[in-house]
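Listing of model.txt; format and content: compact mmCIF, N, CA, C and O atoms.
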# COMPACT_ATOMS: atom_id res chain seq x y z
N MET A 1429 -21.44 6.96 9.04
CA MET A 1429 -21.15 8.16 9.78
C MET A 1429 -20.51 7.78 11.11
O MET A 1429 -20.83 6.76 11.71
N GLU A 1430 -19.63 8.65 11.58
CA GLU A 1430 -18.95 8.40 12.84
C GLU A 1430 -19.88 8.74 13.99
O GLU A 1430 -20.48 9.80 14.03
N THR A 1431 -20.00 7.79 14.90
CA THR A 1431 -20.87 8.03 16.04
C THR A 1431 -20.12 8.86 17.08
O THR A 1431 -18.91 9.01 17.03
N GLU A 1432 -20.87 9.37 18.05
CA GLU A 1432 -20.26 10.19 19.10
C GLU A 1432 -19.28 9.35 19.93
O GLU A 1432 -18.22 9.81 20.32
N GLU A 1433 -19.63 8.09 20.13
CA GLU A 1433 -18.76 7.19 20.91
C GLU A 1433 -17.44 6.98 20.19
O GLU A 1433 -16.38 6.99 20.80
N GLN A 1434 -17.49 6.76 18.88
CA GLN A 1434 -16.26 6.55 18.11
C GLN A 1434 -15.40 7.80 18.12
O GLN A 1434 -14.18 7.72 18.19
N GLY A 1435 -16.03 8.96 18.06
CA GLY A 1435 -15.29 10.21 18.09
C GLY A 1435 -14.56 10.41 19.40
O GLY A 1435 -13.41 10.83 19.44
N SER A 1436 -15.22 10.08 20.51
CA SER A 1436 -14.57 10.23 21.81
C SER A 1436 -13.47 9.19 21.98
O SER A 1436 -12.46 9.46 22.62
N GLU A 1437 -13.65 8.00 21.40
CA GLU A 1437 -12.61 6.98 21.46
C GLU A 1437 -11.37 7.44 20.71
O GLU A 1437 -10.25 7.29 21.18
N THR A 1438 -11.58 8.04 19.54
CA THR A 1438 -10.46 8.54 18.76
C THR A 1438 -9.76 9.67 19.50
O THR A 1438 -8.54 9.73 19.55
N ALA A 1439 -10.53 10.57 20.08
CA ALA A 1439 -9.94 11.67 20.83
C ALA A 1439 -9.16 11.14 22.04
O ALA A 1439 -8.09 11.66 22.36
N GLY A 1440 -9.67 10.11 22.68
CA GLY A 1440 -8.97 9.53 23.82
C GLY A 1440 -7.65 8.90 23.41
O GLY A 1440 -6.64 9.03 24.09
N ARG A 1441 -7.67 8.19 22.29
CA ARG A 1441 -6.44 7.57 21.81
C ARG A 1441 -5.42 8.63 21.38
O ARG A 1441 -4.24 8.51 21.67
N THR A 1442 -5.90 9.67 20.72
CA THR A 1442 -5.00 10.74 20.30
C THR A 1442 -4.39 11.41 21.52
O THR A 1442 -3.19 11.70 21.54
N GLY A 1443 -5.19 11.63 22.54
CA GLY A 1443 -4.68 12.23 23.76
C GLY A 1443 -3.63 11.36 24.43
O GLY A 1443 -2.61 11.86 24.90
N SER A 1444 -3.86 10.05 24.46
CA SER A 1444 -2.89 9.16 25.09
C SER A 1444 -1.60 9.09 24.28
O SER A 1444 -0.52 8.96 24.85
N VAL A 1445 -1.71 9.18 22.96
CA VAL A 1445 -0.51 9.19 22.11
C VAL A 1445 0.30 10.45 22.38
O VAL A 1445 1.52 10.39 22.57
N VAL A 1446 -0.37 11.59 22.44
CA VAL A 1446 0.31 12.85 22.69
C VAL A 1446 1.00 12.83 24.06
O VAL A 1446 2.16 13.25 24.18
N VAL A 1447 0.33 12.32 25.06
CA VAL A 1447 0.91 12.27 26.40
C VAL A 1447 2.10 11.32 26.43
O VAL A 1447 3.18 11.67 26.93
N ALA A 1448 1.95 10.12 25.88
CA ALA A 1448 3.02 9.13 25.92
C ALA A 1448 4.26 9.61 25.16
O ALA A 1448 5.38 9.52 25.67
N VAL A 1449 4.06 10.12 23.96
CA VAL A 1449 5.19 10.60 23.16
C VAL A 1449 5.78 11.86 23.79
O VAL A 1449 7.01 12.03 23.82
N GLY A 1450 4.93 12.73 24.31
CA GLY A 1450 5.42 13.95 24.96
C GLY A 1450 6.27 13.66 26.18
O GLY A 1450 7.32 14.29 26.37
N VAL A 1451 5.84 12.72 26.99
CA VAL A 1451 6.62 12.36 28.18
C VAL A 1451 7.96 11.77 27.78
O VAL A 1451 9.01 12.14 28.32
N TYR A 1452 7.96 10.88 26.79
CA TYR A 1452 9.21 10.26 26.34
C TYR A 1452 10.16 11.32 25.78
O TYR A 1452 11.35 11.33 26.09
N ALA A 1453 9.65 12.22 24.96
CA ALA A 1453 10.49 13.26 24.37
C ALA A 1453 11.03 14.20 25.45
O ALA A 1453 12.21 14.58 25.43
N ALA A 1454 10.18 14.56 26.41
CA ALA A 1454 10.61 15.46 27.48
C ALA A 1454 11.71 14.83 28.33
O ALA A 1454 12.68 15.50 28.70
N VAL A 1455 11.56 13.56 28.62
CA VAL A 1455 12.57 12.87 29.44
C VAL A 1455 13.89 12.78 28.68
O VAL A 1455 14.97 12.95 29.27
N ARG A 1456 13.81 12.54 27.38
CA ARG A 1456 15.05 12.48 26.58
C ARG A 1456 15.74 13.84 26.53
O ARG A 1456 16.97 13.93 26.65
N VAL A 1457 14.97 14.92 26.36
CA VAL A 1457 15.55 16.26 26.35
C VAL A 1457 16.16 16.57 27.71
O VAL A 1457 17.27 17.14 27.80
N LEU A 1458 15.47 16.18 28.77
CA LEU A 1458 15.99 16.40 30.12
C LEU A 1458 17.32 15.65 30.31
O LEU A 1458 18.25 16.18 30.93
N LEU A 1459 17.42 14.46 29.77
CA LEU A 1459 18.67 13.70 29.86
C LEU A 1459 19.80 14.44 29.15
O LEU A 1459 20.91 14.52 29.67
N VAL A 1460 19.53 14.99 27.98
CA VAL A 1460 20.56 15.76 27.25
C VAL A 1460 20.98 16.97 28.09
O VAL A 1460 22.17 17.26 28.21
N VAL A 1461 20.02 17.65 28.68
CA VAL A 1461 20.33 18.84 29.48
C VAL A 1461 21.18 18.46 30.69
O VAL A 1461 22.17 19.15 31.01
N VAL A 1462 20.84 17.38 31.36
CA VAL A 1462 21.59 16.96 32.54
C VAL A 1462 23.02 16.58 32.17
O VAL A 1462 23.99 17.00 32.82
N ILE A 1463 23.17 15.81 31.11
CA ILE A 1463 24.52 15.41 30.68
C ILE A 1463 25.33 16.64 30.27
O ILE A 1463 26.51 16.78 30.65
N ALA A 1464 24.71 17.53 29.52
CA ALA A 1464 25.42 18.75 29.09
C ALA A 1464 25.82 19.60 30.30
O ALA A 1464 26.93 20.15 30.34
N ALA A 1465 24.93 19.71 31.28
CA ALA A 1465 25.25 20.50 32.48
C ALA A 1465 26.43 19.91 33.23
O ALA A 1465 27.32 20.65 33.68
N VAL A 1466 26.46 18.60 33.35
CA VAL A 1466 27.59 17.95 34.04
C VAL A 1466 28.88 18.21 33.28
O VAL A 1466 29.92 18.52 33.88
N LEU A 1467 28.82 18.10 31.95
CA LEU A 1467 30.03 18.32 31.16
C LEU A 1467 30.49 19.78 31.22
O LEU A 1467 31.69 20.05 31.22
N VAL A 1468 29.56 20.71 31.28
CA VAL A 1468 29.93 22.13 31.40
C VAL A 1468 30.57 22.37 32.77
O VAL A 1468 31.56 23.12 32.89
N LEU A 1469 30.02 21.74 33.81
CA LEU A 1469 30.62 21.88 35.15
C LEU A 1469 32.02 21.30 35.22
O LEU A 1469 32.85 21.76 35.99
N VAL A 1470 32.28 20.28 34.39
CA VAL A 1470 33.60 19.68 34.35
C VAL A 1470 34.59 20.62 33.65
O VAL A 1470 35.79 20.53 33.88
N GLY A 1471 34.07 21.51 32.81
CA GLY A 1471 34.95 22.48 32.18
C GLY A 1471 34.92 22.50 30.66
O GLY A 1471 35.70 23.21 30.05
N LEU A 1472 34.03 21.73 30.05
CA LEU A 1472 33.93 21.74 28.59
C LEU A 1472 33.12 22.95 28.12
O LEU A 1472 32.23 23.42 28.83
N PRO A 1473 33.44 23.46 26.94
CA PRO A 1473 32.61 24.53 26.38
C PRO A 1473 31.18 24.04 26.15
O PRO A 1473 30.93 22.85 25.93
N VAL A 1474 30.22 24.97 26.19
CA VAL A 1474 28.80 24.61 26.11
C VAL A 1474 28.48 23.86 24.83
O VAL A 1474 27.78 22.85 24.86
N LEU A 1475 28.96 24.34 23.68
CA LEU A 1475 28.64 23.70 22.41
C LEU A 1475 29.19 22.27 22.35
O LEU A 1475 28.49 21.35 21.93
N VAL A 1476 30.40 22.09 22.80
CA VAL A 1476 30.99 20.76 22.82
C VAL A 1476 30.23 19.86 23.79
O VAL A 1476 29.95 18.68 23.49
N ALA A 1477 29.87 20.41 24.93
CA ALA A 1477 29.11 19.63 25.91
C ALA A 1477 27.76 19.21 25.35
O ALA A 1477 27.32 18.07 25.54
N LEU A 1478 27.07 20.10 24.63
CA LEU A 1478 25.79 19.76 24.01
C LEU A 1478 25.94 18.66 22.97
O LEU A 1478 25.14 17.72 22.91
N LEU A 1479 26.97 18.77 22.15
CA LEU A 1479 27.18 17.75 21.11
C LEU A 1479 27.46 16.38 21.74
O LEU A 1479 26.90 15.36 21.32
N ILE A 1480 28.30 16.35 22.74
CA ILE A 1480 28.60 15.09 23.42
C ILE A 1480 27.35 14.56 24.13
O ILE A 1480 27.07 13.35 24.09
N ALA A 1481 26.60 15.45 24.75
CA ALA A 1481 25.38 15.04 25.45
C ALA A 1481 24.36 14.43 24.50
O ALA A 1481 23.72 13.42 24.82
N ILE A 1482 24.22 15.02 23.32
CA ILE A 1482 23.28 14.46 22.33
C ILE A 1482 23.71 13.07 21.91
O ILE A 1482 22.90 12.15 21.82
N VAL A 1483 25.01 12.89 21.67
CA VAL A 1483 25.52 11.58 21.25
C VAL A 1483 25.36 10.56 22.37
O VAL A 1483 24.99 9.41 22.12
N LEU A 1484 25.62 10.94 23.59
CA LEU A 1484 25.50 10.01 24.72
C LEU A 1484 24.05 9.71 25.10
O LEU A 1484 23.74 8.61 25.57
N ALA A 1485 23.18 10.67 24.90
CA ALA A 1485 21.79 10.51 25.33
C ALA A 1485 21.05 9.46 24.50
O ALA A 1485 20.13 8.81 25.02
N LEU A 1486 21.40 9.31 23.23
CA LEU A 1486 20.68 8.34 22.39
C LEU A 1486 20.79 6.92 22.95
O LEU A 1486 19.76 6.30 23.25
N PRO A 1487 21.98 6.35 23.11
CA PRO A 1487 22.01 4.97 23.64
C PRO A 1487 21.52 4.88 25.09
O PRO A 1487 20.90 3.89 25.47
N LEU A 1488 21.80 5.91 25.89
CA LEU A 1488 21.33 5.87 27.27
C LEU A 1488 19.81 5.87 27.35
O LEU A 1488 19.22 5.14 28.15
N SER A 1489 19.16 6.67 26.51
CA SER A 1489 17.70 6.72 26.54
C SER A 1489 17.09 5.41 26.07
O SER A 1489 16.02 5.02 26.52
N LEU A 1490 17.75 4.73 25.14
CA LEU A 1490 17.24 3.43 24.69
C LEU A 1490 17.24 2.41 25.83
O LEU A 1490 16.35 1.58 25.92
N VAL A 1491 18.23 2.50 26.69
CA VAL A 1491 18.34 1.56 27.80
C VAL A 1491 17.53 2.02 29.01
O VAL A 1491 16.75 1.25 29.58
N LEU A 1492 17.69 3.29 29.39
CA LEU A 1492 17.08 3.79 30.62
C LEU A 1492 15.57 3.97 30.52
O LEU A 1492 14.86 3.79 31.50
N PHE A 1493 15.09 4.35 29.34
CA PHE A 1493 13.69 4.71 29.19
C PHE A 1493 12.90 3.72 28.35
O PHE A 1493 11.93 4.08 27.69
N ARG A 1494 13.30 2.46 28.39
CA ARG A 1494 12.60 1.43 27.61
C ARG A 1494 11.11 1.35 27.92
O ARG A 1494 10.29 1.28 27.00
N PRO A 1495 10.69 1.39 29.19
CA PRO A 1495 9.24 1.32 29.47
C PRO A 1495 8.47 2.50 28.87
O PRO A 1495 7.36 2.32 28.36
N LEU A 1496 9.05 3.69 28.93
CA LEU A 1496 8.38 4.85 28.34
C LEU A 1496 8.27 4.71 26.83
O LEU A 1496 7.25 5.05 26.23
N ARG A 1497 9.34 4.24 26.20
CA ARG A 1497 9.34 4.05 24.75
C ARG A 1497 8.33 2.98 24.35
O ARG A 1497 7.58 3.14 23.38
N THR A 1498 8.25 1.92 25.12
CA THR A 1498 7.29 0.85 24.84
C THR A 1498 5.86 1.37 24.96
O THR A 1498 5.02 1.08 24.12
N ARG A 1499 5.60 2.16 25.99
CA ARG A 1499 4.27 2.73 26.18
C ARG A 1499 3.90 3.65 25.01
O ARG A 1499 2.77 3.62 24.52
N ALA A 1500 4.85 4.45 24.56
CA ALA A 1500 4.59 5.35 23.43
C ALA A 1500 4.33 4.54 22.16
O ALA A 1500 3.41 4.85 21.39
N ASN A 1501 5.12 3.49 21.93
CA ASN A 1501 4.91 2.65 20.74
C ASN A 1501 3.54 1.96 20.78
O ASN A 1501 2.87 1.86 19.75
N GLU A 1502 3.14 1.49 21.94
CA GLU A 1502 1.83 0.84 22.06
C GLU A 1502 0.70 1.82 21.82
O GLU A 1502 -0.30 1.49 21.18
N ALA A 1503 0.84 3.04 22.32
CA ALA A 1503 -0.19 4.06 22.11
C ALA A 1503 -0.30 4.41 20.64
O ALA A 1503 -1.40 4.55 20.09
N ILE A 1504 0.83 4.53 19.96
CA ILE A 1504 0.83 4.83 18.53
C ILE A 1504 0.20 3.69 17.74
O ILE A 1504 -0.60 3.91 16.83
N ALA A 1505 0.54 2.45 18.10
CA ALA A 1505 -0.01 1.29 17.40
C ALA A 1505 -1.52 1.20 17.61
O ALA A 1505 -2.27 0.90 16.67
N ALA A 1506 -1.98 1.45 18.83
CA ALA A 1506 -3.42 1.39 19.10
C ALA A 1506 -4.17 2.47 18.34
O ALA A 1506 -5.24 2.22 17.78
N ALA A 1507 -3.60 3.67 18.29
CA ALA A 1507 -4.24 4.75 17.54
C ALA A 1507 -4.27 4.42 16.05
O ALA A 1507 -5.26 4.70 15.36
N GLY A 1508 -3.21 3.83 15.55
CA GLY A 1508 -3.17 3.44 14.14
C GLY A 1508 -4.19 2.37 13.82
O GLY A 1508 -4.85 2.42 12.77
N ALA A 1509 -4.35 1.41 14.71
CA ALA A 1509 -5.34 0.35 14.49
C ALA A 1509 -6.76 0.92 14.49
O ALA A 1509 -7.59 0.55 13.65
N THR A 1510 -7.03 1.83 15.41
CA THR A 1510 -8.35 2.47 15.46
C THR A 1510 -8.60 3.27 14.19
O THR A 1510 -9.69 3.20 13.62
N ARG A 1511 -7.59 3.97 13.74
CA ARG A 1511 -7.74 4.77 12.52
C ARG A 1511 -7.99 3.88 11.30
O ARG A 1511 -8.82 4.19 10.46
N ARG A 1512 -7.25 2.78 11.20
CA ARG A 1512 -7.46 1.84 10.08
C ARG A 1512 -8.87 1.27 10.11
O ARG A 1512 -9.53 1.16 9.08
N GLU A 1513 -9.32 0.91 11.31
CA GLU A 1513 -10.67 0.36 11.46
C GLU A 1513 -11.73 1.38 11.02
O GLU A 1513 -12.67 1.04 10.29
N GLN A 1514 -11.56 2.62 11.44
CA GLN A 1514 -12.52 3.66 11.06
C GLN A 1514 -12.47 3.93 9.56
O GLN A 1514 -13.50 4.15 8.93
N ARG A 1515 -11.28 3.91 8.97
CA ARG A 1515 -11.14 4.13 7.54
C ARG A 1515 -11.83 3.01 6.75
O ARG A 1515 -12.53 3.27 5.78
N GLU A 1516 -11.65 1.78 7.19
CA GLU A 1516 -12.30 0.65 6.51
C GLU A 1516 -13.82 0.73 6.65
O GLU A 1516 -14.55 0.44 5.71
N ARG A 1517 -14.30 1.15 7.83
CA ARG A 1517 -15.73 1.30 8.04
C ARG A 1517 -16.29 2.39 7.11
O ARG A 1517 -17.34 2.21 6.49
N LEU A 1518 -15.57 3.48 6.98
CA LEU A 1518 -16.00 4.56 6.10
C LEU A 1518 -16.01 4.11 4.64
O LEU A 1518 -16.94 4.39 3.89
N ARG A 1519 -14.98 3.40 4.23
CA ARG A 1519 -14.93 2.91 2.85
C ARG A 1519 -16.08 1.95 2.56
O ARG A 1519 -16.66 1.98 1.48
N ALA A 1520 -16.41 1.10 3.55
CA ALA A 1520 -17.54 0.18 3.37
C ALA A 1520 -18.83 0.96 3.22
O ALA A 1520 -19.67 0.63 2.38
N GLU A 1521 -19.01 2.00 4.01
CA GLU A 1521 -20.21 2.83 3.90
C GLU A 1521 -20.27 3.54 2.55
O GLU A 1521 -21.33 3.63 1.92
N LEU A 1522 -19.14 4.01 2.07
CA LEU A 1522 -19.10 4.70 0.78
C LEU A 1522 -19.38 3.75 -0.38
O LEU A 1522 -19.97 4.14 -1.40
N ARG A 1523 -18.97 2.47 -0.22
CA ARG A 1523 -19.27 1.47 -1.24
C ARG A 1523 -20.73 1.03 -1.19
O ARG A 1523 -21.24 0.43 -2.12
N GLY A 1524 -21.38 1.30 -0.07
CA GLY A 1524 -22.76 0.91 0.10
C GLY A 1524 -22.92 -0.45 0.76
O GLY A 1524 -24.01 -1.01 0.79
N ASP A 1525 -21.84 -0.98 1.29
CA ASP A 1525 -21.92 -2.26 2.01
C ASP A 1525 -22.65 -2.06 3.32
O ASP A 1525 -22.70 -0.97 3.87
N ASP A 1526 -23.17 -3.15 3.84
CA ASP A 1526 -23.79 -3.10 5.17
C ASP A 1526 -22.67 -2.88 6.19
O ASP A 1526 -21.66 -3.58 6.17
N PRO A 1527 -22.86 -1.92 7.08
CA PRO A 1527 -21.82 -1.69 8.09
C PRO A 1527 -21.73 -2.88 9.04
O PRO A 1527 -22.73 -3.42 9.48
N ALA A 1528 -20.50 -3.27 9.32
CA ALA A 1528 -20.28 -4.36 10.27
C ALA A 1528 -20.53 -3.84 11.67
O ALA A 1528 -19.93 -2.87 12.10
N ALA A 1529 -21.41 -4.50 12.39
CA ALA A 1529 -21.76 -4.02 13.72
C ALA A 1529 -20.84 -4.56 14.77
O ALA A 1529 -20.11 -5.41 14.69
How does the structure come out when it is put into structure tokens?
Amino acid sequence: METEEQGSETAGRTGSVVVAVGVYAAVRVLLVVVIAAVLVLVGLPVLVALLIAIVLALPLSLVLFRPLRTRANEAIAAAGATRREQRERLRAELRGDDPAA
């Protein structure tokens, strides 16, 4: 059975994953909006400016936001490791093995 401590650990990891990925996604969307706004001010139509901004934002975000992306990847990996550990613990309990302390 999952203890209260394990449940709070999982909730904490899930929260950190949501925050890390949310921040990275928000910053990338903001980059698209800023690039599109600049292109519209230059005189391009809005749709064309959005398309160009989306294409330009991908490589720029890979370079500019590397620390945010790394933090999001680490949070996802940590949550995945915790989930695998809990799944293996549950499977051991279902098999009737002694739980590893």
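From atom N of Val1457 in chain A back to atom O of Ser1444 in chain A, the distance works out to 16.7 Å.
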Quiz prompt | Which of A:Val1460, A:Val1466, A:Ala1507, A:Val1447 sits closest to Leu1484 in chain A [using only N, CA, C and O atoms] | solution =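 Using only N, CA, C and O atoms, Leu1484 in chain A sits closest to A:Val1460.
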Practice problem: Rank nothing, just name the residue among A:Glu1516, A:Val1476, A:Val1451, A:Gly1443 nearest to Leu1496 in chain A, using all atoms listed in the file. | Solution: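 Of all the options, A:Val1451 lies closest to Leu1496 in chain A.
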Practice problem: Pick out the residues sitting within 12 Å of Pro1487 in chain A, and hand them over as a list in words; count only C-alpha atoms, and ignore anything fewer than 6 positions along from it in its own chain. | Solution: Arg1456, Leu1459, Val1460, Ala1481, Phe1493 and Arg1494 of chain A
Quiz prompt | Exercise: Leu1478 in chain A partners within 8 Å, only N, CA, C and O atoms, chain neighbours under 3 positions left out, as a PyMOL selection string | solution = chain A and resi 1460-1461+1463-1465+1467-1468+1472-1475+1481-1485
Quiz prompt | Nearest residue to Val1445 in chain A from the set A:Arg1523, A:Arg1499, A:Arg1511, A:Arg1517 (distances using all atoms listed in the file) | solution =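 Among the listed residues, A:Arg1499 lies closest to Val1445 in chain A.
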Practice problem: In Å, rounded to a single decimal, give me how far CA of Ala1453 in chain A is from CA of Leu1486 in chain A. | Solution: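 It comes out at 11.5 Å.
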Practice problem: Enter the distance from atom C of Gly1524 in chain A to atom C of Gly1508 in chain A, in Å, rounded to one decimal. | Solution: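 Here the two named atoms are 23.0 Å from each other.
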